[in-house]
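Since the structure comes first, as structure tokens, the remarks are kept for the end.
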Amino acid sequence: MSAALAVHENQAPYLSGFAVVEDKLAARGAPWLHRIRTAAIRRFAELGFPTTHIEEWKYTNVAPLTRIPFEPAAELPAGQVAETLHGRPFASLGACRAVLVNGRYCRELSSPGALPQGVRVCSLAEALETEPNLVEEHLARYASFENHAFVALNTAFLEDGVFVRIPNGVALEQPLCLLSVSAPDGRPAVSYPRTLILAGRDSQAEIIEGFLGLEDSLYFSNAVTEIVVGEGAVIGYAKLEAESDRAFHFGALHVRQERSSNFTSHSIGLGGSLVRNEVGVVLGGEGTECALNGLYLATGQQHVDNYTTMDHAQPHSTSHELYKGILDGQARAVFHGRIIVRPAAQKTDAIQRNKNLLLSEDAVINTKPQLEIYADDVRCTHGATVGQVDPDAVFYLRSRGIGDQEARSLLTYAFASEMIDRIKAGPLRARLGEALFARLNGGPHDDSR
């Protein structure tokens, strides 16, 4: 049997699992959501898991995931999870915190804090009951499952998640932390975290979305986040992926920007065995601004894949993208960044860069910056670099009495710290700096501990 055929055949556990849970979900859910879920599982059945024959997945083989019989993650007592999370630096990053455990909202671990009037942070299941028209208008409208098997799978099993609504003109003074915890109960388990964020006109917020797993656990986290950035809104978003060393993580972030809005994303990848982070932003209004920043660290035999799409749909939009990678051991990484400039998007200004630092001769990066321009009055540039620690800089530091390994660690830290310094959320920025310093100086690999 070919590897491609095996990948497709291993859909069976997910298809049978959907049949079991959908009767329960359909009985208590809205008909429109039932239709979306059934359409999603039907599409997943048609697509199958992606193979390396597909250009977008050429360098990422998901066969190791498909060989494992993952079962739907169970509900666990909040106390059991809280005890495990206690003391982990990334488990508490803000006064306002919403927590998912195995994809389900956990009230006991969540602490909404003092939010401005009209701001709502709650369970997605609750929002489906109390604000059904608003949720129906936006949920599953930006993260399309038509050509994406993992988004289809998440949508098919859509049951709960986090819902955030920020009214027009409201500014959040403190970062909002959304934490998704994977806690399998001794067996390989899959969870489907789902997040919907609606930022109204002229609103402002900093949002941190973190993904953590219990130490040394084998699990599969398949997450989808949708964000609507209203006209004139300014939204900062940071994704922290700090899964366990054995975990599989597939995350999709889809953003829709309205006129004169500003959106900044920071993607930080620290853990996981096989990780794929996708970011898709549609600059759908005139005068929009977007910045995508990323930092991924991989060692051992980790595989990290970043796939980004910046879609300029209207004129006078600006985007800047910078992703940096640090690879050691036999790690593998992929960066595929697309900038699309639609015919109507005249006066677009777009810059895309990918820089990589290889600390080992066995580490490999496949990088592919890509421009698709269908307008004639634009300014777009892209580029990628791959290199090692500068020997001249090492020599200079050693001439000042600094040891060889310490010099290399300092230079590597300087390479990465540019990305950390860009994060506005102070608690996350500080803890990332500490985790990076510890890791480069022989600290524990699992930075979520």
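Following the order of the structure tokens, chains are lettered A, B, ..., residues in each are numbered from 1, and ligands are numbered from 1.
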Neighbour list for range 413-429 of chain A as a PyMOL selection string, cut-off 10 Å, only C-alpha atoms, skip fewer than 6 positions in-chain
chain A and resi 89-90+92-94+174-177+206-208+236-238+240+264-268+293-297+322-326+355-357+389+407+436-437+439-441
Residues of the last selection are to be written out with N, CA and C atoms, as a compact mmCIF listing (two decimals), in the first residue's frame.
# COMPACT_ATOMS: atom_id res chain seq x y z
N PRO A 89 5.02 28.64 33.61
CA PRO A 89 5.10 30.09 33.36
C PRO A 89 4.08 30.60 32.36
N PHE A 90 3.68 29.78 31.39
CA PHE A 90 2.75 30.26 30.37
C PHE A 90 1.29 29.96 30.69
N SER A 92 -0.48 31.29 33.14
CA SER A 92 -1.19 32.47 33.65
C SER A 92 -0.49 33.72 33.11
N LEU A 93 -1.08 34.28 32.08
CA LEU A 93 -0.45 35.42 31.41
C LEU A 93 -1.26 36.70 31.51
N GLY A 94 -2.41 36.66 32.13
CA GLY A 94 -3.21 37.88 32.21
C GLY A 94 -4.29 37.76 33.26
N GLN A 174 -5.99 45.69 29.61
CA GLN A 174 -5.14 44.55 29.92
C GLN A 174 -5.26 43.50 28.81
N PRO A 175 -4.18 42.74 28.56
CA PRO A 175 -4.26 41.67 27.56
C PRO A 175 -5.30 40.63 27.95
N LEU A 176 -5.94 40.08 26.96
CA LEU A 176 -6.90 38.99 27.16
C LEU A 176 -6.20 37.68 26.80
N CYS A 177 -6.19 36.75 27.73
CA CYS A 177 -5.48 35.48 27.54
C CYS A 177 -6.48 34.36 27.29
N GLU A 206 -5.30 43.69 23.00
CA GLU A 206 -4.18 42.77 22.85
C GLU A 206 -4.68 41.40 23.31
N ILE A 207 -4.54 40.39 22.46
CA ILE A 207 -5.06 39.06 22.74
C ILE A 207 -3.94 38.04 22.62
N ILE A 208 -3.82 37.19 23.64
CA ILE A 208 -2.84 36.11 23.64
C ILE A 208 -3.60 34.79 23.58
N GLY A 236 -3.97 43.51 18.42
CA GLY A 236 -2.73 42.75 18.49
C GLY A 236 -3.05 41.33 18.92
N TYR A 237 -2.47 40.37 18.26
CA TYR A 237 -2.75 38.96 18.54
C TYR A 237 -1.42 38.21 18.62
N ALA A 238 -1.27 37.40 19.66
CA ALA A 238 -0.07 36.58 19.80
C ALA A 238 -0.48 35.13 20.02
N LEU A 240 0.93 31.51 21.11
CA LEU A 240 2.03 30.78 21.73
C LEU A 240 1.74 29.29 21.60
N THR A 264 -1.95 43.09 14.02
CA THR A 264 -0.58 42.60 14.18
C THR A 264 -0.63 41.22 14.82
N SER A 265 0.07 40.27 14.21
CA SER A 265 0.10 38.90 14.72
C SER A 265 1.53 38.51 15.07
N HIS A 266 1.68 37.79 16.18
CA HIS A 266 2.96 37.22 16.59
C HIS A 266 2.75 35.71 16.77
N SER A 267 3.48 34.91 16.03
CA SER A 267 3.39 33.47 16.15
C SER A 267 4.68 32.94 16.75
N ILE A 268 4.56 32.32 17.93
CA ILE A 268 5.73 31.80 18.64
C ILE A 268 5.60 30.29 18.74
N ASN A 293 4.40 38.58 12.37
CA ASN A 293 5.71 38.28 12.93
C ASN A 293 5.72 36.84 13.42
N GLY A 294 6.84 36.16 13.26
CA GLY A 294 6.91 34.78 13.70
C GLY A 294 8.29 34.39 14.17
N LEU A 295 8.31 33.51 15.18
CA LEU A 295 9.57 32.95 15.68
C LEU A 295 9.32 31.48 15.97
N TYR A 296 10.12 30.61 15.36
CA TYR A 296 9.96 29.18 15.61
C TYR A 296 11.31 28.59 15.98
N LEU A 297 11.31 27.79 17.05
CA LEU A 297 12.51 27.11 17.53
C LEU A 297 12.26 25.62 17.46
N LEU A 322 7.68 39.24 8.86
CA LEU A 322 9.02 38.76 9.20
C LEU A 322 8.90 37.52 10.07
N TYR A 323 9.38 36.41 9.57
CA TYR A 323 9.43 35.16 10.33
C TYR A 323 10.90 34.75 10.48
N LYS A 324 11.26 34.35 11.70
CA LYS A 324 12.61 33.88 11.97
C LYS A 324 12.57 32.48 12.56
N GLY A 325 13.52 31.64 12.13
CA GLY A 325 13.60 30.29 12.64
C GLY A 325 14.99 29.96 13.17
N ILE A 326 15.03 29.18 14.26
CA ILE A 326 16.29 28.69 14.83
C ILE A 326 16.17 27.17 14.91
N LYS A 355 14.00 34.64 7.73
CA LYS A 355 15.40 34.48 8.09
C LYS A 355 15.56 33.26 8.99
N ASN A 356 16.57 32.45 8.71
CA ASN A 356 16.76 31.21 9.45
C ASN A 356 18.20 31.04 9.89
N LEU A 357 18.35 30.51 11.10
CA LEU A 357 19.66 30.26 11.69
C LEU A 357 19.77 28.77 11.97
N VAL A 389 25.69 30.81 12.68
CA VAL A 389 26.21 31.86 13.55
C VAL A 389 27.47 32.44 12.93
N ALA A 407 29.24 32.54 23.71
CA ALA A 407 29.20 33.52 22.62
C ALA A 407 28.15 33.14 21.59
N LEU A 436 13.49 31.63 26.42
CA LEU A 436 14.48 31.56 25.35
C LEU A 436 15.89 31.53 25.92
N PHE A 437 16.16 32.37 26.90
CA PHE A 437 17.49 32.40 27.51
C PHE A 437 17.82 31.05 28.15
N ARG A 439 16.55 28.12 27.41
CA ARG A 439 16.67 27.08 26.39
C ARG A 439 18.01 27.13 25.69
N LEU A 440 18.50 28.32 25.38
CA LEU A 440 19.78 28.45 24.71
C LEU A 440 20.96 28.17 25.62
N ASN A 441 20.68 28.12 26.91
CA ASN A 441 21.75 27.83 27.87
C ASN A 441 21.56 26.48 28.53
Within 9 Å of His148 in chain A, counting only C-alpha atoms, which residues qualify if same-chain residues fewer than 3 places away don't, as a ChimeraX atom specification?
/A:43-44,47,49-50,144-145,151-153
Neighbour list for range 341-348 of chain A as a PDB file with N, CA and C atoms, in the first residue's frame, cut-off 12 Å, only C-alpha atoms, skip fewer than 3 positions in-chain:
ATOM      1  N   VAL A 282      -7.153  38.460   5.183  1.00  0.00           N
ATOM      2  CA  VAL A 282      -7.742  39.165   4.057  1.00  0.00           C
ATOM      3  C   VAL A 282      -7.836  40.644   4.427  1.00  0.00           C
ATOM      4  N   LEU A 283      -7.053  41.474   3.749  1.00  0.00           N
ATOM      5  CA  LEU A 283      -7.117  42.916   3.951  1.00  0.00           C
ATOM      6  C   LEU A 283      -8.272  43.421   3.086  1.00  0.00           C
ATOM      7  N   GLY A 284      -9.476  43.329   3.648  1.00  0.00           N
ATOM      8  CA  GLY A 284     -10.687  43.498   2.873  1.00  0.00           C
ATOM      9  C   GLY A 284     -11.243  44.900   2.797  1.00  0.00           C
ATOM     10  N   GLY A 285     -10.534  45.875   3.387  1.00  0.00           N
ATOM     11  CA  GLY A 285     -10.987  47.249   3.329  1.00  0.00           C
ATOM     12  C   GLY A 285      -9.859  48.173   2.904  1.00  0.00           C
ATOM     13  N   GLU A 286     -10.206  49.309   2.373  1.00  0.00           N
ATOM     14  CA  GLU A 286      -9.199  50.266   1.935  1.00  0.00           C
ATOM     15  C   GLU A 286      -8.445  50.834   3.134  1.00  0.00           C
ATOM     16  N   GLY A 287      -7.137  51.007   2.966  1.00  0.00           N
ATOM     17  CA  GLY A 287      -6.323  51.616   4.010  1.00  0.00           C
ATOM     18  C   GLY A 287      -6.008  50.707   5.177  1.00  0.00           C
ATOM     19  N   THR A 288      -6.053  49.408   4.986  1.00  0.00           N
ATOM     20  CA  THR A 288      -5.752  48.477   6.075  1.00  0.00           C
ATOM     21  C   THR A 288      -4.245  48.290   6.236  1.00  0.00           C
ATOM     22  N   GLU A 289      -3.844  47.940   7.467  1.00  0.00           N
ATOM     23  CA  GLU A 289      -2.443  47.665   7.772  1.00  0.00           C
ATOM     24  C   GLU A 289      -2.348  46.337   8.514  1.00  0.00           C
ATOM     25  N   CYS A 290      -1.363  45.530   8.148  1.00  0.00           N
ATOM     26  CA  CYS A 290      -1.197  44.231   8.786  1.00  0.00           C
ATOM     27  C   CYS A 290       0.285  43.918   8.926  1.00  0.00           C
ATOM     28  N   THR A 309      -0.651  33.475   4.353  1.00  0.00           N
ATOM     29  CA  THR A 309      -1.228  34.109   3.170  1.00  0.00           C
ATOM     30  C   THR A 309      -1.683  35.510   3.542  1.00  0.00           C
ATOM     31  N   MET A 310      -1.166  36.496   2.845  1.00  0.00           N
ATOM     32  CA  MET A 310      -1.569  37.894   3.014  1.00  0.00           C
ATOM     33  C   MET A 310      -2.306  38.298   1.737  1.00  0.00           C
ATOM     34  N   ASP A 311      -3.623  38.467   1.853  1.00  0.00           N
ATOM     35  CA  ASP A 311      -4.473  38.683   0.685  1.00  0.00           C
ATOM     36  C   ASP A 311      -4.924  40.145   0.632  1.00  0.00           C
ATOM     37  N   HIS A 312      -4.290  40.924  -0.234  1.00  0.00           N
ATOM     38  CA  HIS A 312      -4.647  42.339  -0.399  1.00  0.00           C
ATOM     39  C   HIS A 312      -5.808  42.428  -1.395  1.00  0.00           C
ATOM     40  N   ALA A 313      -6.988  42.810  -0.883  1.00  0.00           N
ATOM     41  CA  ALA A 313      -8.177  42.840  -1.730  1.00  0.00           C
ATOM     42  C   ALA A 313      -8.611  44.246  -2.114  1.00  0.00           C
ATOM     43  N   GLN A 314      -8.137  45.273  -1.383  1.00  0.00           N
ATOM     44  CA  GLN A 314      -8.559  46.648  -1.617  1.00  0.00           C
ATOM     45  C   GLN A 314      -7.344  47.568  -1.687  1.00  0.00           C
ATOM     46  N   PRO A 315      -7.485  48.760  -2.263  1.00  0.00           N
ATOM     47  CA  PRO A 315      -6.325  49.642  -2.461  1.00  0.00           C
ATOM     48  C   PRO A 315      -5.801  50.259  -1.171  1.00  0.00           C
ATOM     49  N   HIS A 316      -4.579  50.793  -1.278  1.00  0.00           N
ATOM     50  CA  HIS A 316      -3.921  51.538  -0.198  1.00  0.00           C
ATOM     51  C   HIS A 316      -3.765  50.691   1.066  1.00  0.00           C
ATOM     52  N   SER A 317      -3.394  49.436   0.909  1.00  0.00           N
ATOM     53  CA  SER A 317      -3.144  48.569   2.062  1.00  0.00           C
ATOM     54  C   SER A 317      -1.653  48.306   2.204  1.00  0.00           C
ATOM     55  N   THR A 318      -1.251  48.037   3.447  1.00  0.00           N
ATOM     56  CA  THR A 318       0.166  47.843   3.760  1.00  0.00           C
ATOM     57  C   THR A 318       0.338  46.580   4.587  1.00  0.00           C
ATOM     58  N   SER A 319       1.327  45.776   4.243  1.00  0.00           N
ATOM     59  CA  SER A 319       1.622  44.589   5.044  1.00  0.00           C
ATOM     60  C   SER A 319       3.122  44.398   5.168  1.00  0.00           C
ATOM     61  N   HIS A 320       3.520  43.954   6.352  1.00  0.00           N
ATOM     62  CA  HIS A 320       4.925  43.634   6.620  1.00  0.00           C
ATOM     63  C   HIS A 320       4.970  42.282   7.323  1.00  0.00           C
ATOM     64  N   ARG A 338       2.772  33.541   1.236  1.00  0.00           N
ATOM     65  CA  ARG A 338       2.169  34.055  -0.002  1.00  0.00           C
ATOM     66  C   ARG A 338       1.665  35.477   0.222  1.00  0.00           C
ATOM     67  N   ILE A 351       5.853  43.810   2.179  1.00  0.00           N
ATOM     68  CA  ILE A 351       7.214  43.309   2.375  1.00  0.00           C
ATOM     69  C   ILE A 351       7.135  41.974   3.106  1.00  0.00           C
ATOM     70  N   GLN A 370       6.557  33.924  -1.693  1.00  0.00           N
ATOM     71  CA  GLN A 370       5.831  33.894  -2.965  1.00  0.00           C
ATOM     72  C   GLN A 370       4.998  35.158  -3.149  1.00  0.00           C
ATOM     73  N   LEU A 371       5.068  35.754  -4.329  1.00  0.00           N
ATOM     74  CA  LEU A 371       4.265  36.926  -4.683  1.00  0.00           C
ATOM     75  C   LEU A 371       3.333  36.572  -5.839  1.00  0.00           C
ATOM     76  N   GLU A 372       2.060  36.961  -5.705  1.00  0.00           N
ATOM     77  CA  GLU A 372       1.094  36.842  -6.791  1.00  0.00           C
ATOM     78  C   GLU A 372       0.450  38.215  -6.968  1.00  0.00           C
ATOM     79  N   ILE A 373       0.856  38.927  -7.991  1.00  0.00           N
ATOM     80  CA  ILE A 373       0.454  40.322  -8.160  1.00  0.00           C
ATOM     81  C   ILE A 373      -0.394  40.462  -9.419  1.00  0.00           C
ATOM     82  N   TYR A 374      -1.618  40.974  -9.223  1.00  0.00           N
ATOM     83  CA  TYR A 374      -2.541  41.178 -10.339  1.00  0.00           C
ATOM     84  C   TYR A 374      -2.905  42.659 -10.508  1.00  0.00           C
ATOM     85  N   ALA A 375      -2.149  43.539  -9.869  1.00  0.00           N
ATOM     86  CA  ALA A 375      -2.323  44.983 -10.019  1.00  0.00           C
ATOM     87  C   ALA A 375      -1.002  45.558 -10.523  1.00  0.00           C
ATOM     88  N   ASP A 376      -1.040  46.772 -11.090  1.00  0.00           N
ATOM     89  CA  ASP A 376       0.176  47.306 -11.716  1.00  0.00           C
ATOM     90  C   ASP A 376       0.798  48.484 -10.977  1.00  0.00           C
ATOM     91  N   ASP A 377       0.150  49.004  -9.950  1.00  0.00           N
ATOM     92  CA  ASP A 377       0.701  50.144  -9.215  1.00  0.00           C
ATOM     93  C   ASP A 377       0.926  49.726  -7.768  1.00  0.00           C
ATOM     94  N   VAL A 378       1.957  48.921  -7.545  1.00  0.00           N
ATOM     95  CA  VAL A 378       2.225  48.358  -6.222  1.00  0.00           C
ATOM     96  C   VAL A 378       3.723  48.388  -5.943  1.00  0.00           C
ATOM     97  N   ARG A 379       4.052  48.196  -4.671  1.00  0.00           N
ATOM     98  CA  ARG A 379       5.452  48.028  -4.260  1.00  0.00           C
ATOM     99  C   ARG A 379       5.531  46.796  -3.367  1.00  0.00           C
ATOM    100  N   CYS A 380       6.094  45.717  -3.889  1.00  0.00           N
ATOM    101  CA  CYS A 380       6.144  44.449  -3.160  1.00  0.00           C
ATOM    102  C   CYS A 380       7.544  43.855  -3.247  1.00  0.00           C
ATOM    103  N   THR A 381       8.045  43.385  -2.123  1.00  0.00           N
ATOM    104  CA  THR A 381       9.346  42.726  -2.093  1.00  0.00           C
ATOM    105  C   THR A 381       9.273  41.497  -1.190  1.00  0.00           C
TER     106      THR A 381
END
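Comparing the minimum interatomic distances between Arg332 in chain A and each of A:Leu410, A:Tyr59, A:Gln11, A:Ala114, counting only C-alpha atoms, we find that A:Tyr59 sits nearest.
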Near range 219-227 of chain A, counting only C-alpha atoms, which residues have an atom at most 7 Å away, once you skip same-chain residues fewer than 3 positions from it, shown as a VMD selection string?
chain A and resid 142 to 143 150 to 151 154 184 188 to 198 247 to 256
Okay, now the selection with C-alpha atoms, as a compact mmCIF listing (two decimals), in the first residue's frame?
# COMPACT_ATOMS: atom_id res chain seq x y z
CA TYR A 142 -13.72 32.97 7.28
CA ALA A 143 -11.97 29.65 7.92
CA PHE A 150 -7.86 19.97 9.05
CA VAL A 151 -10.24 22.95 9.09
CA ASN A 154 -12.33 20.89 13.28
CA PRO A 184 -5.31 13.26 27.53
CA PRO A 188 -3.88 9.20 22.40
CA ALA A 189 -6.57 11.86 22.22
CA VAL A 190 -7.66 14.56 19.78
CA SER A 191 -9.30 17.88 20.64
CA TYR A 192 -10.75 20.63 18.46
CA PRO A 193 -10.31 24.08 20.05
CA ARG A 194 -12.37 26.77 18.31
CA THR A 195 -12.19 30.52 18.85
CA LEU A 196 -14.31 33.33 17.41
CA ILE A 197 -13.22 36.94 18.07
CA LEU A 198 -15.31 39.91 16.91
CA ALA A 247 2.24 16.31 20.39
CA PHE A 248 0.79 17.00 16.96
CA HIS A 249 -0.50 20.54 16.49
CA PHE A 250 -2.35 21.93 13.50
CA GLY A 251 -3.54 25.49 13.91
CA ALA A 252 -5.38 27.74 11.46
CA LEU A 253 -5.83 31.48 12.05
CA HIS A 254 -8.13 33.32 9.63
CA VAL A 255 -8.54 37.09 9.85
CA ARG A 256 -10.84 39.52 8.05
Using only C-alpha atoms, can you tell me which of A:Leu158, A:Leu292, A:Arg67, A:Pro13 comes closest to Arg35 in chain A?
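Of A:Leu158, A:Leu292, A:Arg67, A:Pro13, the one nearest Arg35 in chain A, counting only C-alpha atoms, is A:Leu158.
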Give the helix (DSSP H, G or I) residues of range 90-229 of chain A, as assigned by DSSP on the backbone, as a list in words.
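Residues meeting the helix (DSSP H, G or I) criterion: Leu124, Ala125, Glu126, Ala127, Leu128, Glu129, Thr130, Pro132, Asn133, Leu134, Val135, Glu136, Glu137, His138, Ala149, Phe150, Val151, Ala152, Leu153, Asn154, Thr155 and Ala156 of chain A.
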Strand (DSSP E) per DSSP on the backbone: members of range 247-291 of chain A, as a ChimeraX atom specification:
/A:248-257,262-269,274-283,289-291
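Coordinates place CA of Glu241 in chain A at a distance of 27.8 Å from CA of Ile36 in chain A.
Taking CA of Ala74 in chain A and CA of Leu109 in chain A as endpoints, the distance between them is 16.7 Å.
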